[in-house]
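The file final-v3.cif comes next; it holds mmCIF, C-alpha atoms and all ligand atoms.
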```
data_my_file
loop_
_atom_site.label_atom_id
_atom_site.label_comp_id
_atom_site.auth_asym_id
_atom_site.auth_seq_id
_atom_site.Cartn_x
_atom_site.Cartn_y
_atom_site.Cartn_z
CA MET G 993 -15.60 28.83 14.41
CA ALA G 994 -12.05 29.02 12.97
CA SER G 995 -11.57 27.37 9.60
CA LEU G 996 -9.57 24.15 9.55
CA THR G 997 -6.78 25.93 7.67
CA GLU G 998 -6.58 28.61 10.39
CA LEU G 999 -6.55 25.92 13.06
CA LEU G 1000 -3.65 24.07 11.45
CA GLN G 1001 -1.71 27.27 11.03
CA SER G 1002 -2.21 28.09 14.71
CA ALA G 1003 -0.21 25.03 15.83
CA PRO G 1004 2.52 24.27 13.30
CA VAL G 1005 4.72 21.25 14.01
CA ASP G 1006 8.52 21.36 14.01
CA THR G 1007 9.12 20.34 10.40
CA GLN G 1008 12.87 19.97 10.97
CA LYS G 1009 12.25 17.29 13.59
CA TYR G 1010 9.98 15.36 11.25
CA GLU G 1011 12.32 15.68 8.28
CA THR G 1012 14.99 14.05 10.47
CA LEU G 1013 12.53 11.30 11.41
CA TYR G 1014 11.65 10.78 7.74
CA LYS G 1015 15.31 10.44 6.78
CA HIS G 1016 15.79 7.97 9.63
CA PHE G 1017 12.89 5.82 8.42
CA HIS G 1018 14.10 6.09 4.82
CA ALA G 1019 17.65 5.02 5.66
CA ASN G 1020 16.46 2.15 7.88
CA PRO G 1021 13.69 0.30 6.03
CA GLU G 1022 12.48 -3.14 7.10
CA LEU G 1023 10.75 -5.83 5.08
CA SER G 1024 7.13 -6.90 5.56
CA ASN G 1025 6.52 -8.74 8.84
CA LEU G 1026 10.00 -7.73 10.07
CA GLU G 1027 9.21 -4.10 11.03
CA ALA G 1028 10.42 -4.45 14.66
CA GLU G 1029 12.78 -1.45 14.83
CA THR G 1030 10.42 0.75 12.81
CA ALA G 1031 7.55 -0.02 15.19
CA LYS G 1032 9.81 0.73 18.15
CA THR G 1033 10.74 4.13 16.71
CA VAL G 1034 7.08 4.97 16.07
CA ALA G 1035 6.06 3.90 19.58
CA ASP G 1036 8.90 5.96 21.03
CA HIS G 1037 7.81 9.13 19.19
CA LEU G 1038 4.14 8.58 20.04
CA SER G 1039 4.89 8.04 23.73
CA ARG G 1040 6.78 11.36 23.86
CA LEU G 1041 3.46 13.09 23.14
CA ASN G 1042 2.21 11.91 26.57
CA ALA G 1043 -1.31 11.59 25.25
CA PHE G 1044 -1.81 8.16 23.70
CA GLU G 1045 -2.49 4.80 25.23
CA ILE G 1046 -0.15 2.67 23.11
CA THR G 1047 -0.50 -1.02 22.33
CA THR G 1048 2.27 -2.79 20.39
CA ASN G 1049 2.74 -6.15 18.65
CA ILE G 1050 -0.77 -6.45 17.24
CA GLY G 1051 -0.86 -8.89 14.33
CA GLY G 1052 2.93 -8.89 14.17
CA HIS G 1053 4.57 -5.50 14.59
CA GLY G 1054 1.35 -3.48 14.32
CA LEU G 1055 0.79 -0.76 16.88
CA VAL G 1056 -2.00 1.55 17.87
CA GLY G 1057 -2.23 4.75 19.87
CA VAL G 1058 -5.61 5.70 21.35
CA LEU G 1059 -6.40 9.21 22.56
CA LYS G 1060 -9.76 9.59 24.36
CA ASN G 1061 -10.75 13.22 24.29
CA GLY G 1062 -14.35 13.37 25.47
CA ASP G 1063 -17.58 12.49 23.72
CA GLY G 1064 -17.80 12.21 20.00
CA LYS G 1065 -16.89 10.09 17.05
CA THR G 1066 -14.02 7.60 16.87
CA ILE G 1067 -11.69 8.35 13.98
CA LEU G 1068 -8.96 5.98 12.86
CA LEU G 1069 -5.95 7.27 10.93
CA ARG G 1070 -3.70 4.64 9.40
CA ALA G 1071 -0.14 4.45 8.10
CA ASP G 1072 1.75 1.40 6.86
CA MET G 1073 5.32 0.60 7.90
CA ASP G 1074 7.01 -1.90 5.59
CA GLY G 1075 9.70 -1.42 2.95
CA LEU G 1076 10.32 -3.48 -0.19
CA PRO G 1077 13.04 -5.87 -1.42
CA VAL G 1078 14.44 -3.27 -3.84
CA LEU G 1079 18.07 -2.08 -4.17
CA GLU G 1080 17.86 1.70 -3.80
CA ALA G 1081 19.31 3.74 -6.67
CA THR G 1082 18.11 7.25 -5.79
CA GLY G 1083 21.60 8.50 -4.90
CA LEU G 1084 20.04 10.45 -2.01
CA PRO G 1085 22.36 11.23 0.93
CA TYR G 1086 19.90 9.35 3.16
CA ALA G 1087 19.48 6.40 0.76
CA SER G 1088 19.11 2.95 2.28
CA LYS G 1089 22.07 0.58 2.30
CA VAL G 1090 20.16 -2.00 4.28
CA THR G 1091 19.99 -5.71 3.55
CA MET G 1092 17.81 -8.13 5.47
CA VAL G 1093 17.18 -11.85 5.57
CA ASP G 1094 13.55 -12.16 4.48
CA VAL G 1095 10.99 -14.57 5.94
CA GLU G 1096 12.08 -17.18 3.38
CA GLY G 1097 15.72 -16.95 4.53
CA VAL G 1098 17.04 -15.06 1.49
CA VAL G 1099 19.24 -11.93 1.90
CA ARG G 1100 17.54 -8.96 0.18
CA PRO G 1101 18.32 -5.29 -0.30
CA VAL G 1102 15.61 -3.18 1.35
CA MET G 1103 14.22 0.20 0.36
CA HIS G 1104 11.25 2.34 1.28
CA ALA G 1105 10.28 2.31 -2.39
CA CYS G 1106 6.57 2.82 -1.75
CA GLY G 1107 6.74 5.87 0.51
CA HIS G 1108 5.57 4.16 3.71
CA ASP G 1109 8.35 6.12 5.46
CA MET G 1110 6.47 9.29 4.47
CA HIS G 1111 3.15 7.80 5.62
CA MET G 1112 4.52 7.05 9.10
CA THR G 1113 6.21 10.41 9.49
CA CYS G 1114 3.07 12.31 8.47
CA LEU G 1115 0.93 10.27 10.87
CA VAL G 1116 3.26 10.81 13.84
CA ALA G 1117 3.35 14.54 13.04
CA ALA G 1118 -0.44 14.67 12.58
CA ALA G 1119 -0.83 12.92 15.93
CA GLU G 1120 1.28 15.66 17.55
CA LEU G 1121 -0.74 18.37 15.88
CA LEU G 1122 -4.07 16.84 16.94
CA VAL G 1123 -2.79 16.55 20.52
CA ARG G 1124 -1.89 20.24 20.47
CA LEU G 1125 -5.33 21.08 19.08
CA LYS G 1126 -7.11 18.91 21.69
CA GLY G 1127 -9.21 21.85 22.83
CA GLU G 1128 -10.67 22.20 19.34
CA TRP G 1129 -12.20 18.74 18.94
CA SER G 1130 -13.72 15.96 20.98
CA GLY G 1131 -13.99 12.24 20.39
CA THR G 1132 -11.52 9.37 20.22
CA LEU G 1133 -8.49 9.43 17.96
CA VAL G 1134 -6.95 6.11 16.93
CA VAL G 1135 -3.61 6.23 15.14
CA LEU G 1136 -2.79 2.85 13.66
CA PHE G 1137 0.56 1.75 12.22
CA GLN G 1138 0.15 -1.35 10.14
CA PRO G 1139 2.75 -3.96 9.20
CA ALA G 1140 3.01 -6.01 5.99
CA GLU G 1141 0.92 -3.89 3.63
CA GLU G 1142 3.08 -5.00 0.71
CA ARG G 1143 2.14 -8.61 1.36
CA GLY G 1144 -1.51 -7.60 1.67
CA THR G 1145 -1.71 -9.38 5.01
CA GLY G 1146 -1.02 -6.77 7.70
CA ALA G 1147 -4.49 -5.25 8.10
CA GLN G 1148 -6.14 -8.67 8.27
CA ALA G 1149 -3.47 -9.88 10.71
CA MET G 1150 -4.26 -6.98 13.05
CA VAL G 1151 -8.00 -7.68 12.81
CA ASP G 1152 -7.42 -11.41 13.32
CA ASP G 1153 -5.30 -10.63 16.39
CA GLU G 1154 -8.47 -9.08 17.86
CA LEU G 1155 -7.40 -5.48 17.45
CA TYR G 1156 -10.92 -4.33 18.33
CA GLU G 1157 -11.62 -6.97 20.98
CA LYS G 1158 -8.67 -8.31 22.99
CA HIS G 1159 -6.60 -5.16 22.46
CA GLY G 1160 -9.54 -2.91 23.31
CA VAL G 1161 -9.11 -0.51 20.39
CA PRO G 1162 -12.43 1.31 19.85
CA VAL G 1163 -14.11 0.43 16.54
CA PRO G 1164 -13.84 3.53 14.35
CA ASP G 1165 -16.90 5.37 13.06
CA PHE G 1166 -14.69 6.48 10.19
CA ALA G 1167 -11.36 5.08 9.01
CA LEU G 1168 -9.01 7.26 6.98
CA GLY G 1169 -5.78 6.56 5.12
CA GLN G 1170 -3.55 8.03 2.47
CA HIS G 1171 -0.82 7.04 0.01
CA VAL G 1172 1.96 9.12 -1.49
CA MET G 1173 2.08 8.63 -5.24
CA ALA G 1174 3.98 9.78 -8.33
CA MET G 1175 1.79 12.87 -8.61
CA ARG G 1176 2.78 16.54 -8.39
CA ALA G 1177 3.92 17.37 -4.84
CA GLY G 1178 1.26 19.43 -3.05
CA SER G 1179 -1.60 17.80 -4.95
CA VAL G 1180 -4.26 15.62 -3.34
CA GLY G 1181 -6.69 13.31 -5.13
CA LEU G 1182 -9.82 11.56 -3.95
CA LYS G 1183 -12.61 9.57 -5.58
CA ALA G 1184 -15.99 8.30 -4.46
CA GLY G 1185 -16.41 4.54 -4.94
CA THR G 1186 -13.50 2.32 -5.95
CA ILE G 1187 -10.28 4.34 -5.81
CA MET G 1188 -7.98 1.29 -5.93
CA ALA G 1189 -8.46 -2.05 -7.64
CA GLY G 1190 -8.43 -5.39 -5.85
CA ALA G 1191 -5.43 -7.67 -6.28
CA ASP G 1192 -4.82 -11.40 -6.17
CA SER G 1193 -1.49 -13.15 -6.37
CA MET G 1194 -0.74 -16.81 -6.87
CA ARG G 1195 2.01 -19.27 -7.57
CA ILE G 1196 1.44 -22.04 -10.07
CA THR G 1197 3.67 -25.10 -10.18
CA LEU G 1198 3.82 -26.82 -13.57
CA HIS G 1199 4.94 -30.44 -13.32
CA GLY G 1200 6.96 -31.88 -16.18
CA VAL G 1201 9.51 -34.68 -16.27
CA GLY G 1202 13.16 -33.66 -16.00
CA GLY G 1203 16.15 -35.18 -17.70
CA HIS G 1204 19.43 -34.68 -19.57
CA GLY G 1205 19.54 -31.51 -21.66
CA SER G 1206 20.76 -33.57 -24.62
CA GLN G 1207 17.74 -35.91 -24.56
CA PRO G 1208 14.58 -33.78 -24.51
CA HIS G 1209 12.53 -36.58 -26.08
CA ARG G 1210 12.78 -38.46 -22.76
CA THR G 1211 11.37 -35.49 -20.81
CA ILE G 1212 8.30 -33.30 -20.53
CA ASP G 1213 10.02 -29.93 -20.54
CA PRO G 1214 8.40 -27.58 -17.95
CA ALA G 1215 10.34 -24.57 -19.32
CA VAL G 1216 8.64 -24.89 -22.71
CA MET G 1217 5.32 -25.53 -20.98
CA ALA G 1218 5.77 -22.41 -18.84
CA ALA G 1219 6.74 -20.33 -21.87
CA HIS G 1220 3.48 -21.27 -23.63
CA VAL G 1221 1.48 -20.58 -20.47
CA VAL G 1222 3.03 -17.11 -20.08
CA VAL G 1223 2.32 -16.11 -23.68
CA ARG G 1224 -1.20 -17.52 -23.69
CA LEU G 1225 -2.08 -15.80 -20.39
CA GLN G 1226 -1.49 -12.46 -22.13
CA THR G 1227 -4.61 -13.06 -24.23
CA ILE G 1228 -7.00 -13.02 -21.25
CA VAL G 1229 -7.00 -9.26 -20.75
CA SER G 1230 -6.44 -8.43 -24.42
CA ARG G 1231 -8.92 -10.91 -25.98
CA GLU G 1232 -11.40 -12.13 -23.38
CA LEU G 1233 -12.23 -9.19 -21.12
CA ASN G 1234 -14.19 -6.05 -21.87
CA PRO G 1235 -11.69 -3.23 -22.55
CA ALA G 1236 -13.95 -0.91 -20.53
CA ASP G 1237 -13.27 -2.98 -17.38
CA ILE G 1238 -10.07 -2.31 -15.49
CA SER G 1239 -8.00 -5.49 -15.39
CA VAL G 1240 -4.34 -6.47 -15.35
CA LEU G 1241 -2.57 -9.82 -15.46
CA THR G 1242 1.17 -9.78 -14.82
CA VAL G 1243 3.55 -12.72 -14.70
CA GLY G 1244 5.98 -11.36 -12.14
CA SER G 1245 8.17 -14.42 -11.70
CA LEU G 1246 9.09 -17.41 -13.81
CA GLN G 1247 11.52 -20.05 -12.65
CA ALA G 1248 12.56 -23.43 -14.06
CA GLY G 1249 15.83 -25.23 -13.48
CA HIS G 1250 19.20 -23.97 -12.32
CA THR G 1251 21.67 -24.83 -15.07
CA GLU G 1252 22.03 -25.11 -18.85
CA ASN G 1253 22.22 -28.83 -19.48
CA ILE G 1254 19.50 -30.18 -17.22
CA ILE G 1255 15.80 -30.13 -18.05
CA ALA G 1256 13.97 -29.37 -14.80
CA ASP G 1257 11.20 -31.43 -13.23
CA SER G 1258 8.97 -28.44 -12.67
CA ALA G 1259 8.52 -24.74 -13.29
CA GLU G 1260 6.96 -22.11 -11.08
CA ILE G 1261 5.07 -19.05 -12.29
CA GLY G 1262 4.11 -16.13 -10.03
CA ILE G 1263 1.07 -14.21 -11.21
CA ASP G 1264 -0.57 -11.00 -10.05
CA ILE G 1265 -4.02 -9.89 -11.20
CA ARG G 1266 -5.93 -6.65 -10.67
CA SER G 1267 -9.63 -6.02 -11.11
CA VAL G 1268 -12.35 -3.65 -9.98
CA LYS G 1269 -15.54 -5.65 -10.58
CA PRO G 1270 -16.03 -9.01 -8.83
CA GLU G 1271 -17.24 -10.54 -12.11
CA THR G 1272 -14.03 -9.43 -13.85
CA ARG G 1273 -12.00 -11.08 -11.09
CA GLN G 1274 -14.00 -14.31 -11.50
CA LYS G 1275 -13.42 -14.28 -15.27
CA LEU G 1276 -9.68 -13.67 -14.83
CA LEU G 1277 -9.37 -16.56 -12.38
CA ALA G 1278 -11.50 -18.91 -14.49
CA SER G 1279 -9.60 -18.12 -17.71
CA MET G 1280 -6.26 -18.58 -15.97
CA GLY G 1281 -7.31 -21.99 -14.69
CA ARG G 1282 -8.56 -23.03 -18.13
CA ILE G 1283 -5.39 -21.91 -19.94
CA VAL G 1284 -2.89 -23.33 -17.47
CA ASN G 1285 -4.64 -26.72 -17.35
CA ALA G 1286 -4.99 -26.86 -21.12
CA GLU G 1287 -1.35 -25.92 -21.80
CA CYS G 1288 -0.15 -28.57 -19.37
CA GLU G 1289 -2.33 -31.13 -21.10
CA ALA G 1290 -1.09 -29.93 -24.51
CA SER G 1291 2.47 -30.54 -23.31
CA GLY G 1292 1.58 -34.06 -22.21
CA ALA G 1293 2.02 -33.39 -18.49
CA THR G 1294 0.93 -36.39 -16.46
CA VAL G 1295 0.68 -34.50 -13.17
CA PRO G 1296 -1.78 -31.60 -13.09
CA PRO G 1297 -0.57 -28.07 -12.21
CA VAL G 1298 -0.86 -26.91 -8.62
CA PHE G 1299 -2.36 -23.46 -7.88
CA LYS G 1300 -1.59 -21.66 -4.64
CA MET G 1301 -3.20 -18.30 -3.81
CA THR G 1302 -0.60 -16.18 -2.01
CA ARG G 1303 -2.33 -12.84 -1.58
CA HIS G 1304 -5.73 -11.20 -1.76
CA LEU G 1305 -6.38 -7.50 -1.40
CA PRO G 1306 -9.94 -6.21 -1.68
CA ASN G 1307 -10.98 -3.17 -3.70
CA THR G 1308 -10.49 0.05 -1.76
CA PHE G 1309 -13.99 1.50 -1.78
CA ASN G 1310 -14.51 5.07 -0.65
CA ASP G 1311 -17.82 5.63 1.11
CA GLU G 1312 -19.92 8.11 -0.91
CA ALA G 1313 -21.08 10.25 2.03
CA MET G 1314 -17.63 10.39 3.62
CA THR G 1315 -16.04 11.29 0.31
CA LYS G 1316 -18.49 14.13 -0.20
CA THR G 1317 -17.79 15.54 3.26
CA LEU G 1318 -14.05 15.13 2.84
CA SER G 1319 -14.06 16.68 -0.64
CA LYS G 1320 -15.63 19.83 0.78
CA SER G 1321 -12.89 20.20 3.42
CA PHE G 1322 -10.07 19.34 1.01
CA THR G 1323 -11.39 21.88 -1.51
CA GLU G 1324 -11.42 24.55 1.20
CA HIS G 1325 -7.92 23.70 2.39
CA PHE G 1326 -6.07 22.69 -0.78
CA GLY G 1327 -7.99 24.75 -3.35
CA GLY G 1328 -7.01 23.97 -6.94
CA SER G 1329 -4.42 21.40 -5.82
CA PHE G 1330 -7.26 19.07 -4.85
CA ASP G 1331 -8.89 16.78 -7.42
CA PRO G 1332 -12.16 15.21 -6.14
CA ASN G 1333 -12.33 12.66 -8.95
CA ILE G 1334 -8.99 11.05 -9.75
CA PRO G 1335 -8.97 7.89 -11.89
CA THR G 1336 -9.16 4.48 -10.21
CA THR G 1337 -5.67 3.02 -9.96
CA THR G 1338 -4.67 -0.62 -10.41
CA ILE G 1339 -2.39 -0.28 -7.37
CA ALA G 1340 -4.04 -2.10 -4.45
CA GLU G 1341 -4.23 -1.64 -0.67
CA ASP G 1342 -5.42 -3.66 2.32
CA PHE G 1343 -6.31 -0.56 4.39
CA SER G 1344 -10.08 -0.91 3.91
CA ILE G 1345 -10.12 -4.23 5.85
CA LEU G 1346 -9.62 -2.22 9.06
CA ALA G 1347 -13.05 -0.67 8.48
CA THR G 1348 -15.04 -3.10 6.35
CA SER G 1349 -14.31 -6.01 8.74
CA GLN G 1350 -16.36 -4.01 11.28
CA GLY G 1351 -19.03 -2.88 8.82
CA ARG G 1352 -17.70 0.69 9.04
CA PRO G 1353 -17.05 3.14 6.18
CA CYS G 1354 -13.67 4.38 5.09
CA ALA G 1355 -12.01 6.88 2.80
CA PHE G 1356 -8.57 6.82 1.24
CA TRP G 1357 -6.82 9.47 -0.81
CA HIS G 1358 -3.62 9.85 -2.79
CA TRP G 1359 -1.22 12.71 -2.55
CA GLY G 1360 1.71 13.79 -4.65
CA GLY G 1361 5.41 13.37 -3.88
CA ILE G 1362 7.11 14.52 -7.07
CA GLU G 1363 9.04 17.78 -6.96
CA GLU G 1364 6.94 20.43 -8.73
CA GLY G 1365 9.64 21.57 -11.19
CA LEU G 1366 10.35 18.03 -12.36
CA TRP G 1367 6.64 17.25 -12.61
CA ASP G 1368 5.84 20.40 -14.60
CA ALA G 1369 8.75 19.85 -17.02
CA LYS G 1370 7.67 16.27 -17.67
CA ALA G 1371 4.01 17.27 -17.92
CA LYS G 1372 4.96 19.75 -20.65
CA GLU G 1373 6.49 16.88 -22.64
CA GLY G 1374 3.52 14.62 -21.89
CA ALA G 1375 6.00 12.32 -20.18
CA THR G 1376 5.05 12.20 -16.50
CA GLU G 1377 5.12 8.40 -16.71
CA ASP G 1378 8.92 8.63 -17.12
CA ILE G 1379 9.18 9.83 -13.53
CA PRO G 1380 10.22 6.94 -11.26
CA ALA G 1381 7.08 5.79 -9.46
CA ASN G 1382 6.33 3.65 -6.39
CA HIS G 1383 8.15 0.29 -6.26
CA THR G 1384 11.04 1.47 -8.45
CA SER G 1385 14.63 1.81 -7.24
CA ARG G 1386 14.61 5.57 -8.01
CA PHE G 1387 11.32 6.56 -6.32
CA ALA G 1388 12.33 9.64 -4.36
CA PRO G 1389 9.57 11.87 -2.97
CA ALA G 1390 10.57 15.50 -2.43
CA ILE G 1391 10.42 15.84 1.36
CA GLN G 1392 8.62 19.18 1.09
CA PRO G 1393 5.92 20.10 0.31
CA THR G 1394 5.04 16.38 0.35
CA MET G 1395 5.32 16.05 4.11
CA GLN G 1396 3.37 19.19 4.94
CA THR G 1397 0.62 18.16 2.52
CA GLY G 1398 0.40 14.68 4.05
CA ILE G 1399 0.23 16.09 7.60
CA ASP G 1400 -2.38 18.65 6.60
CA ALA G 1401 -4.52 16.09 4.78
CA LEU G 1402 -4.64 13.78 7.81
CA CYS G 1403 -5.44 16.62 10.21
CA VAL G 1404 -8.04 18.22 7.95
CA ALA G 1405 -9.71 14.84 7.47
CA ALA G 1406 -9.70 13.94 11.17
CA LEU G 1407 -10.94 17.37 12.30
CA THR G 1408 -13.66 17.31 9.62
CA PHE G 1409 -15.17 14.14 11.04
CA PHE G 1410 -14.60 15.09 14.69
CA ARG G 1411 -16.36 18.40 14.16
CA GLN G 1412 -19.13 17.00 11.96
ZN ZN G 1501 3.62 -0.58 -2.39
ZN ZN G 1502 2.41 1.42 -0.51
#
```
Please go through the file and, once you have read it, give me the structure as structure tokens.
Amino acid sequence: MASLTELLQSAPVDTQKYETLYKHFHANPELSNLEAETAKTVADHLSRLNAFEITTNIGGHGLVGVLKNGDGKTILLRADMDGLPVLEATGLPYASKVTMVDVEGVVRPVMHACGHDMHMTCLVAAAELLVRLKGEWSGTLVVLFQPAEERGTGAQAMVDDELYEKHGVPVPDFALGQHVMAMRAGSVGLKAGTIMAGADSMRITLHGVGGHGSQPHRTIDPAVMAAHVVVRLQTIVSRELNPADISVLTVGSLQAGHTENIIADSAEIGIDIRSVKPETRQKLLASMGRIVNAECEASGATVPPVFKMTRHLPNTFNDEAMTKTLSKSFTEHFGGSFDPNIPTTTIAEDFSILATSQGRPCAFWHWGGIEEGLWDAKAKEGATEDIPANHTSRFAPAIQPTMQTGIDALCVAALTFFRQ
């Protein structure tokens, strides 16, 4: 039997076509839950392959292509589609100039600052390659394009919209996904067990009593209350949790009042936490509750704070057996560019819901998007963290070899499980 590398080389895709598609996605990003045009473009490209049964508008703008190719396993490959409210500063000729009104009615700049444009392009190209290699595998291929990953809601929305029931998408035996990261282009990293932490986000409203800026004694100042809360929250990870456990607490937004001479009635704090172990998550949440309540009481607040959970993403847990199988294939194909045991990252994903909601295993890997010369120069200085990473305005994956690596990884992974 031909090796997977030989198979892929026997049916190369037109990289020029996919570089054009990538630039189109990059220049035309859409915010979470608003990915209408993106989904249309994906569906259009998939339908040109004349092989997939395509279903659109699942859980919002989610879409799925199903290719039944005889007996065998069902393999799901997933890409996410949303951009971020970031003003692009890459200076690339195909940089985004897009603004959009978000779901809250605010005009935002939009950028594919997390590389989901690369994910989609690689998956469409991998779909083409797997169609062309149809004679070499049998089973059912599901290519799934998910909305609203950045809000952590898209995968669950597709499941809740009865992706596997009403929409008739076969439940996968194995679900596979990938994310482009600020790693050396051409490199691929995997890990058995938890590869990505879980995340929770919440908004906390602190109620004070507003008044004239000149008469603070007649108020309960929520800005001062919020300032104490923010500082005190920093002690949870640094003083209360075991340093050996991965955990993060970030105050990502802080808002009180609109002008200089008025003391506001309330303040709002937006918090994001990351954890790997469930008990660490519980401790983070409990400590946050204790501190916020106590600081409000210390300030003399008469109305208790209000907590609202806005987002939950589970840990991304790579099935041990799948990871072992996949590691073997990736080692064969990528050689020394493949790392089978990368560190767990505090970046989170909702991909695993597509599998775990059905009691099925999944595997997720990271691959590099940073131009090799830049990476090597920074690595020499021990300064790779200076390279703009995901979610920054200057995140700019090198199109190649990033794209080829992403296409190869998807195809190698799918063929591995089809031919198992
Ligand atoms: Zn992201
Ligand atoms: Zn992402």
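Separating CA of Gly1249 in chain G from CA of Ser1279 in chain G is a distance of 26.7 Å.
The protein and nucleic acid residues lying at most 10 Å from range 1225-1236 of chain G are His1220, Leu1241, Thr1242, Val1243, Ile1263, Thr1272, Lys1275, Leu1276, Leu1277, Ser1279, Met1280, Gly1281, Arg1282, Ile1283 and Val1284 of chain G, with all atoms listed in the file considered and sequence neighbours fewer than 5 positions away removed.
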Give the answer as one residue: which of G:Thr1394, G:Ser1002, G:Thr1197, G:Asn1382 has the shortest atom-to-atom distance to ligand ZN 1501 (chain G), using only C-alpha atoms and all ligand atoms? G:Asn1382
How would you report the residues lying within 7 Å of ligand ZN 1501 (chain G), as a PyMOL selection string, if you count all atoms listed in the file? chain G and resi 1106+1142+1382-1383
Shortest interatomic distance to ligand ZN 1502 (chain G) - which of G:Gln1392, G:Gln1170, G:Gln1274, G:Ser1267, counting all atoms listed in the file: G:Gln1170
Pick from G:Val1161, G:Met1110, G:Leu1366, G:Ala1219, whichever lies nearest to ligand ZN 1502 (chain G) using all atoms listed in the file: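 Nearest to ligand ZN 1502 (chain G): G:Met1110.
When all atoms listed in the file are used to measure the gap to ligand ZN 1502 (chain G), the shortest distance among G:Gly1062, G:Gly1107, G:Pro1101, G:Pro1208 belongs to G:Gly1107.
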